[in-house]
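Content type PDB, C-alpha atoms and all ligand atoms, from the file entry-v7.pdb:
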ATOM      1  CA  MET A   9      31.038 155.150  67.522
ATOM      2  CA  ALA A  10      31.655 153.418  64.204
ATOM      3  CA  ARG A  11      28.920 150.971  63.264
ATOM      4  CA  ILE A  12      30.799 147.795  62.516
ATOM      5  CA  ALA A  13      29.116 144.759  60.945
ATOM      6  CA  LEU A  14      30.643 141.329  60.800
ATOM      7  CA  PHE A  15      29.640 139.231  57.784
ATOM      8  CA  PRO A  16      30.583 135.698  58.832
ATOM      9  CA  GLY A  17      30.502 132.618  56.646
ATOM     10  CA  SER A  18      32.404 129.756  55.120
ATOM     11  CA  PHE A  19      32.735 131.546  51.770
ATOM     12  CA  ASP A  20      33.885 128.324  50.144
ATOM     13  CA  PRO A  21      33.824 130.032  47.687
ATOM     14  CA  PHE A  22      32.716 133.668  48.061
ATOM     15  CA  THR A  23      30.042 134.242  45.380
ATOM     16  CA  ASN A  24      28.308 137.109  43.585
ATOM     17  CA  GLY A  25      25.504 136.662  46.139
ATOM     18  CA  HIS A  26      27.949 137.310  48.995
ATOM     19  CA  LEU A  27      29.400 140.281  47.115
ATOM     20  CA  ASP A  28      25.932 141.797  46.834
ATOM     21  CA  ILE A  29      25.419 141.472  50.593
ATOM     22  CA  VAL A  30      28.766 143.170  51.336
ATOM     23  CA  ARG A  31      28.053 146.037  48.939
ATOM     24  CA  ARG A  32      24.642 146.652  50.433
ATOM     25  CA  GLY A  33      26.128 146.295  53.935
ATOM     26  CA  VAL A  34      28.566 149.099  53.155
ATOM     27  CA  GLY A  35      25.531 151.308  52.533
ATOM     28  CA  LEU A  36      24.217 150.561  56.016
ATOM     29  CA  PHE A  37      27.328 150.358  58.187
ATOM     30  CA  ASP A  38      30.604 152.279  58.584
ATOM     31  CA  GLN A  39      32.664 149.125  58.292
ATOM     32  CA  VAL A  40      31.987 145.600  57.081
ATOM     33  CA  ILE A  41      34.311 142.804  58.111
ATOM     34  CA  VAL A  42      34.035 139.682  55.982
ATOM     35  CA  ALA A  43      34.931 136.922  58.454
ATOM     36  CA  ILE A  44      35.833 133.498  57.140
ATOM     37  CA  GLY A  45      35.141 130.932  59.836
ATOM     38  CA  THR A  46      37.669 128.136  60.083
ATOM     39  CA  ASN A  47      36.760 124.827  61.580
ATOM     40  CA  SER A  48      39.552 122.277  61.724
ATOM     41  CA  SER A  49      37.085 119.366  61.785
ATOM     42  CA  LYS A  50      35.460 120.554  58.526
ATOM     43  CA  GLN A  51      37.296 119.938  55.261
ATOM     44  CA  ARG A  52      37.249 123.014  53.011
ATOM     45  CA  TYR A  53      37.126 122.853  49.218
ATOM     46  CA  LEU A  54      39.339 125.936  48.767
ATOM     47  CA  PRO A  55      42.079 126.924  51.224
ATOM     48  CA  VAL A  56      41.047 129.684  53.583
ATOM     49  CA  GLU A  57      44.175 131.772  52.839
ATOM     50  CA  GLN A  58      43.420 131.688  49.106
ATOM     51  CA  MET A  59      39.829 132.792  49.671
ATOM     52  CA  GLN A  60      40.912 135.565  52.051
ATOM     53  CA  GLU A  61      43.320 136.881  49.411
ATOM     54  CA  LEU A  62      40.760 136.703  46.583
ATOM     55  CA  ILE A  63      38.132 138.570  48.625
ATOM     56  CA  ALA A  64      40.667 141.157  49.852
ATOM     57  CA  GLN A  65      41.621 141.871  46.233
ATOM     58  CA  LEU A  66      37.986 142.589  45.372
ATOM     59  CA  PHE A  67      37.837 145.284  48.038
ATOM     60  CA  ARG A  68      41.348 146.687  47.695
ATOM     61  CA  ASP A  69      39.909 150.138  46.887
ATOM     62  CA  GLU A  70      37.230 150.032  49.593
ATOM     63  CA  PRO A  71      38.876 150.787  52.965
ATOM     64  CA  ARG A  72      35.593 150.190  54.782
ATOM     65  CA  VAL A  73      35.684 146.476  53.938
ATOM     66  CA  SER A  74      38.244 144.131  55.454
ATOM     67  CA  VAL A  75      38.635 140.368  55.424
ATOM     68  CA  ARG A  76      39.563 138.311  58.473
ATOM     69  CA  THR A  77      39.667 134.660  59.377
ATOM     70  CA  PHE A  78      38.608 133.363  62.759
ATOM     71  CA  LYS A  79      38.272 130.209  64.820
ATOM     72  CA  GLY A  80      35.684 129.543  67.469
ATOM     73  CA  LEU A  81      32.455 131.331  68.197
ATOM     74  CA  THR A  82      31.268 133.982  65.753
ATOM     75  CA  ALA A  83      29.661 135.996  68.542
ATOM     76  CA  GLU A  84      32.934 136.062  70.496
ATOM     77  CA  PHE A  85      34.831 137.155  67.416
ATOM     78  CA  ALA A  86      32.275 139.943  66.892
ATOM     79  CA  ARG A  87      32.994 141.148  70.421
ATOM     80  CA  GLU A  88      36.758 140.955  69.777
ATOM     81  CA  VAL A  89      36.555 143.189  66.697
ATOM     82  CA  GLY A  90      33.974 145.590  68.174
ATOM     83  CA  ALA A  91      31.153 144.590  65.817
ATOM     84  CA  ALA A  92      27.665 145.219  67.206
ATOM     85  CA  TYR A  93      25.994 143.729  64.110
ATOM     86  CA  LEU A  94      26.111 140.420  62.327
ATOM     87  CA  LEU A  95      25.216 140.599  58.667
ATOM     88  CA  ARG A  96      23.629 137.570  57.019
ATOM     89  CA  GLY A  97      21.928 136.955  53.702
ATOM     90  CA  LEU A  98      18.558 135.266  53.274
ATOM     91  CA  ARG A  99      17.705 133.523  50.028
ATOM     92  CA  ASN A 100      14.617 131.558  50.983
ATOM     93  CA  CYS A 101      12.627 129.951  53.820
ATOM     94  CA  PRO A 102      15.175 127.176  54.501
ATOM     95  CA  ASP A 103      17.826 129.887  54.972
ATOM     96  CA  PHE A 104      15.531 131.595  57.467
ATOM     97  CA  GLU A 105      14.878 128.374  59.402
ATOM     98  CA  TYR A 106      18.627 127.686  59.460
ATOM     99  CA  GLU A 107      19.544 131.225  60.502
ATOM    100  CA  LYS A 108      16.969 131.729  63.251
ATOM    101  CA  PRO A 109      18.462 129.432  65.934
ATOM    102  CA  ILE A 110      21.959 130.632  65.028
ATOM    103  CA  ALA A 111      20.881 134.234  65.608
ATOM    104  CA  TYR A 112      19.328 133.297  68.969
ATOM    105  CA  GLY A 113      22.489 131.385  69.920
ATOM    106  CA  ASN A 114      24.690 134.324  68.982
ATOM    107  CA  GLN A 115      22.528 136.684  71.018
ATOM    108  CA  HIS A 116      22.832 134.330  73.988
ATOM    109  CA  VAL A 117      26.635 134.339  73.755
ATOM    110  CA  ASN A 118      26.875 138.073  73.066
ATOM    111  CA  PRO A 119      23.773 139.936  74.303
ATOM    112  CA  GLY A 120      23.231 143.101  72.327
ATOM    113  CA  LEU A 121      24.678 141.631  69.156
ATOM    114  CA  GLU A 122      22.042 142.256  66.503
ATOM    115  CA  THR A 123      21.771 139.997  63.494
ATOM    116  CA  VAL A 124      20.715 141.963  60.429
ATOM    117  CA  PHE A 125      19.316 139.948  57.531
ATOM    118  CA  LEU A 126      19.350 141.221  53.981
ATOM    119  CA  LEU A 127      17.123 139.550  51.422
ATOM    120  CA  THR A 128      19.082 138.361  48.431
ATOM    121  CA  SER A 129      18.721 140.378  45.275
ATOM    122  CA  PRO A 130      16.308 138.255  43.187
ATOM    123  CA  ILE A 131      18.696 137.400  40.392
ATOM    124  CA  LEU A 132      21.346 136.149  42.838
ATOM    125  CA  GLY A 133      19.061 134.036  45.018
ATOM    126  CA  ALA A 134      19.802 130.789  43.223
ATOM    127  CA  ILE A 135      23.554 131.016  43.777
ATOM    128  CA  SER A 136      24.943 128.614  46.344
ATOM    129  CA  SER A 137      28.549 127.810  47.245
ATOM    130  CA  THR A 138      27.604 124.118  47.465
ATOM    131  CA  ILE A 139      26.379 123.979  43.862
ATOM    132  CA  ILE A 140      29.377 125.982  42.669
ATOM    133  CA  ARG A 141      31.733 123.493  44.361
ATOM    134  CA  ASP A 142      29.916 120.587  42.724
ATOM    135  CA  ILE A 143      30.144 122.118  39.260
ATOM    136  CA  HIS A 144      33.780 123.188  39.673
ATOM    137  CA  ARG A 145      34.900 119.867  41.164
ATOM    138  CA  PHE A 146      33.980 118.128  37.923
ATOM    139  CA  GLY A 147      35.513 120.744  35.648
ATOM    140  CA  GLY A 148      32.407 122.841  34.905
ATOM    141  CA  ASN A 149      32.631 126.576  34.333
ATOM    142  CA  VAL A 150      31.438 128.636  37.323
ATOM    143  CA  ASP A 151      32.561 132.093  36.174
ATOM    144  CA  ALA A 152      28.989 133.409  36.012
ATOM    145  CA  PHE A 153      28.533 132.923  39.764
ATOM    146  CA  LEU A 154      31.798 134.365  41.052
ATOM    147  CA  PRO A 155      33.423 137.800  41.202
ATOM    148  CA  PHE A 156      36.848 136.272  40.390
ATOM    149  CA  ALA A 157      38.200 133.324  38.455
ATOM    150  CA  LEU A 158      38.890 130.110  40.316
ATOM    151  CA  PRO A 159      41.862 128.031  39.266
ATOM    152  CA  PRO A 160      40.702 124.965  37.323
ATOM    153  CA  VAL A 161      40.775 121.629  39.083
ATOM    154  CA  ALA A 162      42.633 118.559  37.956
ATOM    155  CA  ILE A 163      40.040 115.856  37.263
TER     156      ILE A 163
HETATM  157  P1  LIG B 201      27.650 129.489  56.241
HETATM  158  O1  LIG B 201      28.446 128.227  56.185
HETATM  159  O2  LIG B 201      27.883 130.285  57.489
HETATM  160  O3  LIG B 201      26.192 129.338  55.914
HETATM  161  P2  LIG B 201      28.024 130.667  53.613
HETATM  162  O4  LIG B 201      29.347 131.090  53.080
HETATM  163  O5  LIG B 201      27.340 129.540  52.943
HETATM  164  O6  LIG B 201      28.316 130.394  55.134
HETATM  165  O7  LIG B 201      27.027 131.895  53.645
HETATM  166  C1  LIG B 201      27.307 133.069  54.367
HETATM  167  C2  LIG B 201      26.063 133.947  54.395
HETATM  168  O8  LIG B 201      25.761 134.356  53.066
HETATM  169  C3  LIG B 201      24.813 133.263  54.918
HETATM  170  O9  LIG B 201      24.030 134.209  55.622
HETATM  171  C4  LIG B 201      24.087 132.843  53.661
HETATM  172  O10 LIG B 201      22.697 132.748  53.847
HETATM  173  C5  LIG B 201      24.423 134.011  52.754
HETATM  174  N1  LIG B 201      24.340 133.664  51.352
HETATM  175  C6  LIG B 201      24.750 132.535  50.746
HETATM  176  N2  LIG B 201      24.505 132.569  49.414
HETATM  177  C7  LIG B 201      23.926 133.778  49.191
HETATM  178  C8  LIG B 201      23.392 134.425  48.015
HETATM  179  N3  LIG B 201      23.401 133.837  46.824
HETATM  180  N4  LIG B 201      22.870 135.649  48.170
HETATM  181  C9  LIG B 201      22.843 136.241  49.387
HETATM  182  N5  LIG B 201      23.293 135.685  50.520
HETATM  183  C10 LIG B 201      23.824 134.483  50.427
END
Could you spell out this file's structure in structure tokens?
Amino acid sequence: MARIALFPGSFDPFTNGHLDIVRRGVGLFDQVIVAIGTNSSKQRYLPVEQMQELIAQLFRDEPRVSVRTFKGLTAEFAREVGAAYLLRGLRNCPDFEYEKPIAYGNQHVNPGLETVFLLTSPILGAISSTIIRDIHRFGGNVDAFLPFALPPVAI
């Protein structure tokens, strides 16, 4: 049985920190599915289709990584794609406090689904999609944090 891990997130945008988690996930699992959650009541900064395409391009030569979008419960989507593992990154204690109830909730919805946490590589721990959005929104350069170039914004 292939060991499939789902790496769910908003990825708005996908950062070098996320990339590190996927690469290390590939070392642990047979397949990693990057799953961009879509929530119609939450306004995204970058369109989900654009982010899916950008991430897919990064892994075009790595058949063990795929990129999907999904609506609804992460744990249900994991079941749908046959993933027995959820992959998440931990940067710090607030991340842990945030992730813990989510992991319990996911286990409630899909018993047997194991959440696997990888500690961020030290140099990437300060990268956050929120900060990147704030810098980019006002025309700042965010290239150092991302594995691809984002189109500039009109200010
Ligand atoms: P969500 O909205 O689900 O928190 P994010 O896209 O912000 O989605 O993050 C997805 C996952 O990646 C989360 O587990 C988060 O903790 C992790 N993550 C975010 N930034 C980093 C980083 N710099 N290094 C490693 N993991 C990260």
Requested in this report: For Ala43 in chain A, work out the shell of residues within 7 Å, counting all atoms listed in the file and skipping chain neighbours fewer than 6 positions away, then give it as number ranges by chain.
Outcome: A: 14-17, 75-78
Only C-alpha atoms, please: the residues just picked out, written as a PDB file, in the frame of the given file.
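Final output, result.pdb:
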ATOM      1  CA  LEU A  14      30.643 141.329  60.800  1.00  0.00           C
ATOM      2  CA  PHE A  15      29.640 139.231  57.784  1.00  0.00           C
ATOM      3  CA  PRO A  16      30.583 135.698  58.832  1.00  0.00           C
ATOM      4  CA  GLY A  17      30.502 132.618  56.646  1.00  0.00           C
ATOM      5  CA  VAL A  75      38.635 140.368  55.424  1.00  0.00           C
ATOM      6  CA  ARG A  76      39.563 138.311  58.473  1.00  0.00           C
ATOM      7  CA  THR A  77      39.667 134.660  59.377  1.00  0.00           C
ATOM      8  CA  PHE A  78      38.608 133.363  62.759  1.00  0.00           C
TER       9      PHE A  78
END
Report task. Could you give me the residues within 9 Å of ligand LIG 201 (chain B), counting all atoms listed in the file, as a ChimeraX atom specification? Result -> /A:15-29,44-45,95-100,103-104,106-107,125-138,153
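Of the residues under consideration (A:Leu94, A:Gln58, A:Gly113, A:Arg68), A:Leu94 shows the shortest atom-to-atom contact distance to Ile41 in chain A when counting all atoms listed in the file.
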Coordinates of box centre and edge lengths for range 67-84 of chain A, 3 Å on every side, axis-aligned, as JSON:
{"center_x": 35.5, "center_y": 140.2, "center_z": 58.7, "size_x": 17.7, "size_y": 27.2, "size_z": 29.6}
Query - Evaluate the PyMOL selection byres (((chain A and resi 62) around 10) and not hetatm) and report residues as an MDAnalysis selection string - result: chainID A and resid 21:22 56:61 63:67 75 155:158
Save out the residues we just selected, C-alpha atoms, as a tab-separated table (two decimals), in the frame of the given file.
chain	number	residue	atom	x	y	z
A	21	PRO	CA	33.82	130.03	47.69
A	22	PHE	CA	32.72	133.67	48.06
A	56	VAL	CA	41.05	129.68	53.58
A	57	GLU	CA	44.18	131.77	52.84
A	58	GLN	CA	43.42	131.69	49.11
A	59	MET	CA	39.83	132.79	49.67
A	60	GLN	CA	40.91	135.56	52.05
A	61	GLU	CA	43.32	136.88	49.41
A	63	ILE	CA	38.13	138.57	48.62
A	64	ALA	CA	40.67	141.16	49.85
A	65	GLN	CA	41.62	141.87	46.23
A	66	LEU	CA	37.99	142.59	45.37
A	67	PHE	CA	37.84	145.28	48.04
A	75	VAL	CA	38.64	140.37	55.42
A	155	PRO	CA	33.42	137.80	41.20
A	156	PHE	CA	36.85	136.27	40.39
A	157	ALA	CA	38.20	133.32	38.46
A	158	LEU	CA	38.89	130.11	40.32
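The space separating CA of Asn114 in chain A from CA of Tyr53 in chain A comes to 26.0 Å.
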Requested in this report: Just say which residues the PyMOL selection byres (((chain A and resi 160) around 9) and not hetatm) picks in this file, as JSON, numbers by chain.
Outcome: {"A": [144, 145, 147, 148, 149, 157, 158, 159, 161, 162]}
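The shortest atom-to-atom distance to Glu70 in chain A, with all atoms listed in the file taken into account, belongs to A:Val30 out of A:Ser49, A:Thr82, A:Met9, A:Val30.
Take CA of Gly80 in chain A and CA of Pro109 in chain A: the distance between them is 17.3 Å.
With all atoms listed in the file as the atoms that count, the minimum distance from Glu84 in chain A to the choices A:Phe146, A:Val117, A:Pro71, A:Ile139 is reached by A:Val117.
Between CA of Ala83 in chain A and CA of Gly33 in chain A there is a distance of 18.2 Å.
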Query raised in the report: So which residues touch Tyr112 in chain A within 10 Å, counting all atoms listed in the file, skipping near sequence neighbours fewer than 5 positions away, as number ranges by chain?
Result: A: 107, 117-119, 121-123
**Report entry** Given all atoms listed in the file as the counted atoms, nearest of A:His116, A:Arg52, A:Arg87, A:Arg11 to Leu36 in chain A
**Finding:** A:Arg11
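Closest approach to Arg141 in chain A from the set A:Ala111, A:Val42, A:Leu154, A:Ala13 is made by A:Leu154, with distances taken over all atoms listed in the file.
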Tell me which residues the PyMOL selection byres (((chain A and resi 10) around 12) and not hetatm) grabs here, as an mmCIF file with C-alpha atoms, keeping the file's coordinate frame.
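As a result, out-v1.cif now contains:
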data_model
loop_
_atom_site.group_PDB
_atom_site.id
_atom_site.type_symbol
_atom_site.label_atom_id
_atom_site.label_comp_id
_atom_site.auth_asym_id
_atom_site.auth_seq_id
_atom_site.Cartn_x
_atom_site.Cartn_y
_atom_site.Cartn_z
ATOM 1 C CA MET A 9 31.038 155.150 67.522
ATOM 2 C CA ARG A 11 28.920 150.971 63.264
ATOM 3 C CA ILE A 12 30.799 147.795 62.516
ATOM 4 C CA ALA A 13 29.116 144.759 60.945
ATOM 5 C CA LEU A 36 24.217 150.561 56.016
ATOM 6 C CA PHE A 37 27.328 150.358 58.187
ATOM 7 C CA ASP A 38 30.604 152.279 58.584
ATOM 8 C CA GLN A 39 32.664 149.125 58.292
ATOM 9 C CA VAL A 40 31.987 145.600 57.081
ATOM 10 C CA ARG A 72 35.593 150.190 54.782
ATOM 11 C CA VAL A 89 36.555 143.189 66.697
ATOM 12 C CA GLY A 90 33.974 145.590 68.174
ATOM 13 C CA ALA A 91 31.153 144.590 65.817
ATOM 14 C CA ALA A 92 27.665 145.219 67.206
ATOM 15 C CA TYR A 93 25.994 143.729 64.110
#
Complete range 70-100 of chain A at the level of N, CA and C atoms, written as an mmCIF file, keeping the file's coordinate frame.
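Full text of selection_31.cif as output:
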data_model
loop_
_atom_site.group_PDB
_atom_site.id
_atom_site.type_symbol
_atom_site.label_atom_id
_atom_site.label_comp_id
_atom_site.auth_asym_id
_atom_site.auth_seq_id
_atom_site.Cartn_x
_atom_site.Cartn_y
_atom_site.Cartn_z
ATOM 1 N N GLU A 70 38.319 149.703 48.668
ATOM 2 C CA GLU A 70 37.230 150.032 49.593
ATOM 3 C C GLU A 70 37.733 149.835 51.032
ATOM 4 N N PRO A 71 38.270 150.918 51.628
ATOM 5 C CA PRO A 71 38.876 150.787 52.965
ATOM 6 C C PRO A 71 37.875 150.410 54.056
ATOM 7 N N ARG A 72 36.581 150.512 53.738
ATOM 8 C CA ARG A 72 35.593 150.190 54.782
ATOM 9 C C ARG A 72 35.282 148.694 54.829
ATOM 10 N N VAL A 73 35.881 147.944 53.909
ATOM 11 C CA VAL A 73 35.684 146.476 53.938
ATOM 12 C C VAL A 73 37.025 145.808 54.213
ATOM 13 N N SER A 74 37.030 144.906 55.181
ATOM 14 C CA SER A 74 38.244 144.131 55.454
ATOM 15 C C SER A 74 37.870 142.658 55.513
ATOM 16 N N VAL A 75 38.878 141.812 55.435
ATOM 17 C CA VAL A 75 38.635 140.368 55.424
ATOM 18 C C VAL A 75 39.504 139.720 56.505
ATOM 19 N N ARG A 76 38.848 138.970 57.379
ATOM 20 C CA ARG A 76 39.563 138.311 58.473
ATOM 21 C C ARG A 76 39.196 136.835 58.480
ATOM 22 N N THR A 77 40.037 136.049 59.114
ATOM 23 C CA THR A 77 39.667 134.660 59.377
ATOM 24 C C THR A 77 39.540 134.512 60.892
ATOM 25 N N PHE A 78 38.733 133.561 61.313
ATOM 26 C CA PHE A 78 38.608 133.363 62.759
ATOM 27 C C PHE A 78 38.285 131.908 63.070
ATOM 28 N N LYS A 79 38.622 131.541 64.296
ATOM 29 C CA LYS A 79 38.272 130.209 64.820
ATOM 30 C C LYS A 79 37.334 130.423 65.997
ATOM 31 N N GLY A 80 36.512 129.455 66.268
ATOM 32 C CA GLY A 80 35.684 129.543 67.469
ATOM 33 C C GLY A 80 34.359 130.230 67.203
ATOM 34 N N LEU A 81 33.815 130.799 68.261
ATOM 35 C CA LEU A 81 32.455 131.331 68.197
ATOM 36 C C LEU A 81 32.395 132.668 67.459
ATOM 37 N N THR A 82 31.461 132.748 66.526
ATOM 38 C CA THR A 82 31.268 133.982 65.753
ATOM 39 C C THR A 82 30.960 135.154 66.690
ATOM 40 N N ALA A 83 30.092 134.902 67.665
ATOM 41 C CA ALA A 83 29.661 135.996 68.542
ATOM 42 C C ALA A 83 30.818 136.509 69.394
ATOM 43 N N GLU A 84 31.747 135.631 69.734
ATOM 44 C CA GLU A 84 32.934 136.062 70.496
ATOM 45 C C GLU A 84 33.854 136.870 69.597
ATOM 46 N N PHE A 85 33.972 136.418 68.343
ATOM 47 C CA PHE A 85 34.831 137.155 67.416
ATOM 48 C C PHE A 85 34.255 138.548 67.162
ATOM 49 N N ALA A 86 32.924 138.636 67.078
ATOM 50 C CA ALA A 86 32.275 139.943 66.892
ATOM 51 C C ALA A 86 32.657 140.871 68.044
ATOM 52 N N ARG A 87 32.627 140.337 69.249
ATOM 53 C CA ARG A 87 32.994 141.148 70.421
ATOM 54 C C ARG A 87 34.448 141.625 70.298
ATOM 55 N N GLU A 88 35.312 140.665 69.882
ATOM 56 C CA GLU A 88 36.758 140.955 69.777
ATOM 57 C C GLU A 88 37.031 142.116 68.805
ATOM 58 N N VAL A 89 36.282 142.144 67.699
ATOM 59 C CA VAL A 89 36.555 143.189 66.697
ATOM 60 C C VAL A 89 35.646 144.421 66.860
ATOM 61 N N GLY A 90 34.828 144.429 67.901
ATOM 62 C CA GLY A 90 33.974 145.590 68.174
ATOM 63 C C GLY A 90 32.773 145.705 67.256
ATOM 64 N N ALA A 91 32.322 144.570 66.705
ATOM 65 C CA ALA A 91 31.153 144.590 65.817
ATOM 66 C C ALA A 91 29.878 144.403 66.640
ATOM 67 N N ALA A 92 28.937 145.329 66.490
ATOM 68 C CA ALA A 92 27.665 145.219 67.206
ATOM 69 C C ALA A 92 26.602 144.559 66.332
ATOM 70 N N TYR A 93 26.960 144.298 65.057
ATOM 71 C CA TYR A 93 25.994 143.729 64.110
ATOM 72 C C TYR A 93 26.591 142.533 63.388
ATOM 73 N N LEU A 94 25.753 141.539 63.199
ATOM 74 C CA LEU A 94 26.111 140.420 62.327
ATOM 75 C C LEU A 94 25.273 140.571 61.075
ATOM 76 N N LEU A 95 25.920 140.472 59.944
ATOM 77 C CA LEU A 95 25.216 140.599 58.667
ATOM 78 C C LEU A 95 25.076 139.201 58.088
ATOM 79 N N ARG A 96 23.846 138.874 57.658
ATOM 80 C CA ARG A 96 23.629 137.570 57.019
ATOM 81 C C ARG A 96 22.677 137.758 55.843
ATOM 82 N N GLY A 97 22.805 136.883 54.859
ATOM 83 C CA GLY A 97 21.928 136.955 53.702
ATOM 84 C C GLY A 97 20.848 135.898 53.781
ATOM 85 N N LEU A 98 19.674 136.232 53.302
ATOM 86 C CA LEU A 98 18.558 135.266 53.274
ATOM 87 C C LEU A 98 18.106 135.064 51.838
ATOM 88 N N ARG A 99 18.165 133.813 51.388
ATOM 89 C CA ARG A 99 17.705 133.523 50.028
ATOM 90 C C ARG A 99 16.282 133.023 50.002
ATOM 91 N N ASN A 100 15.899 132.287 51.018
ATOM 92 C CA ASN A 100 14.617 131.558 50.983
ATOM 93 C C ASN A 100 14.225 131.124 52.400
#
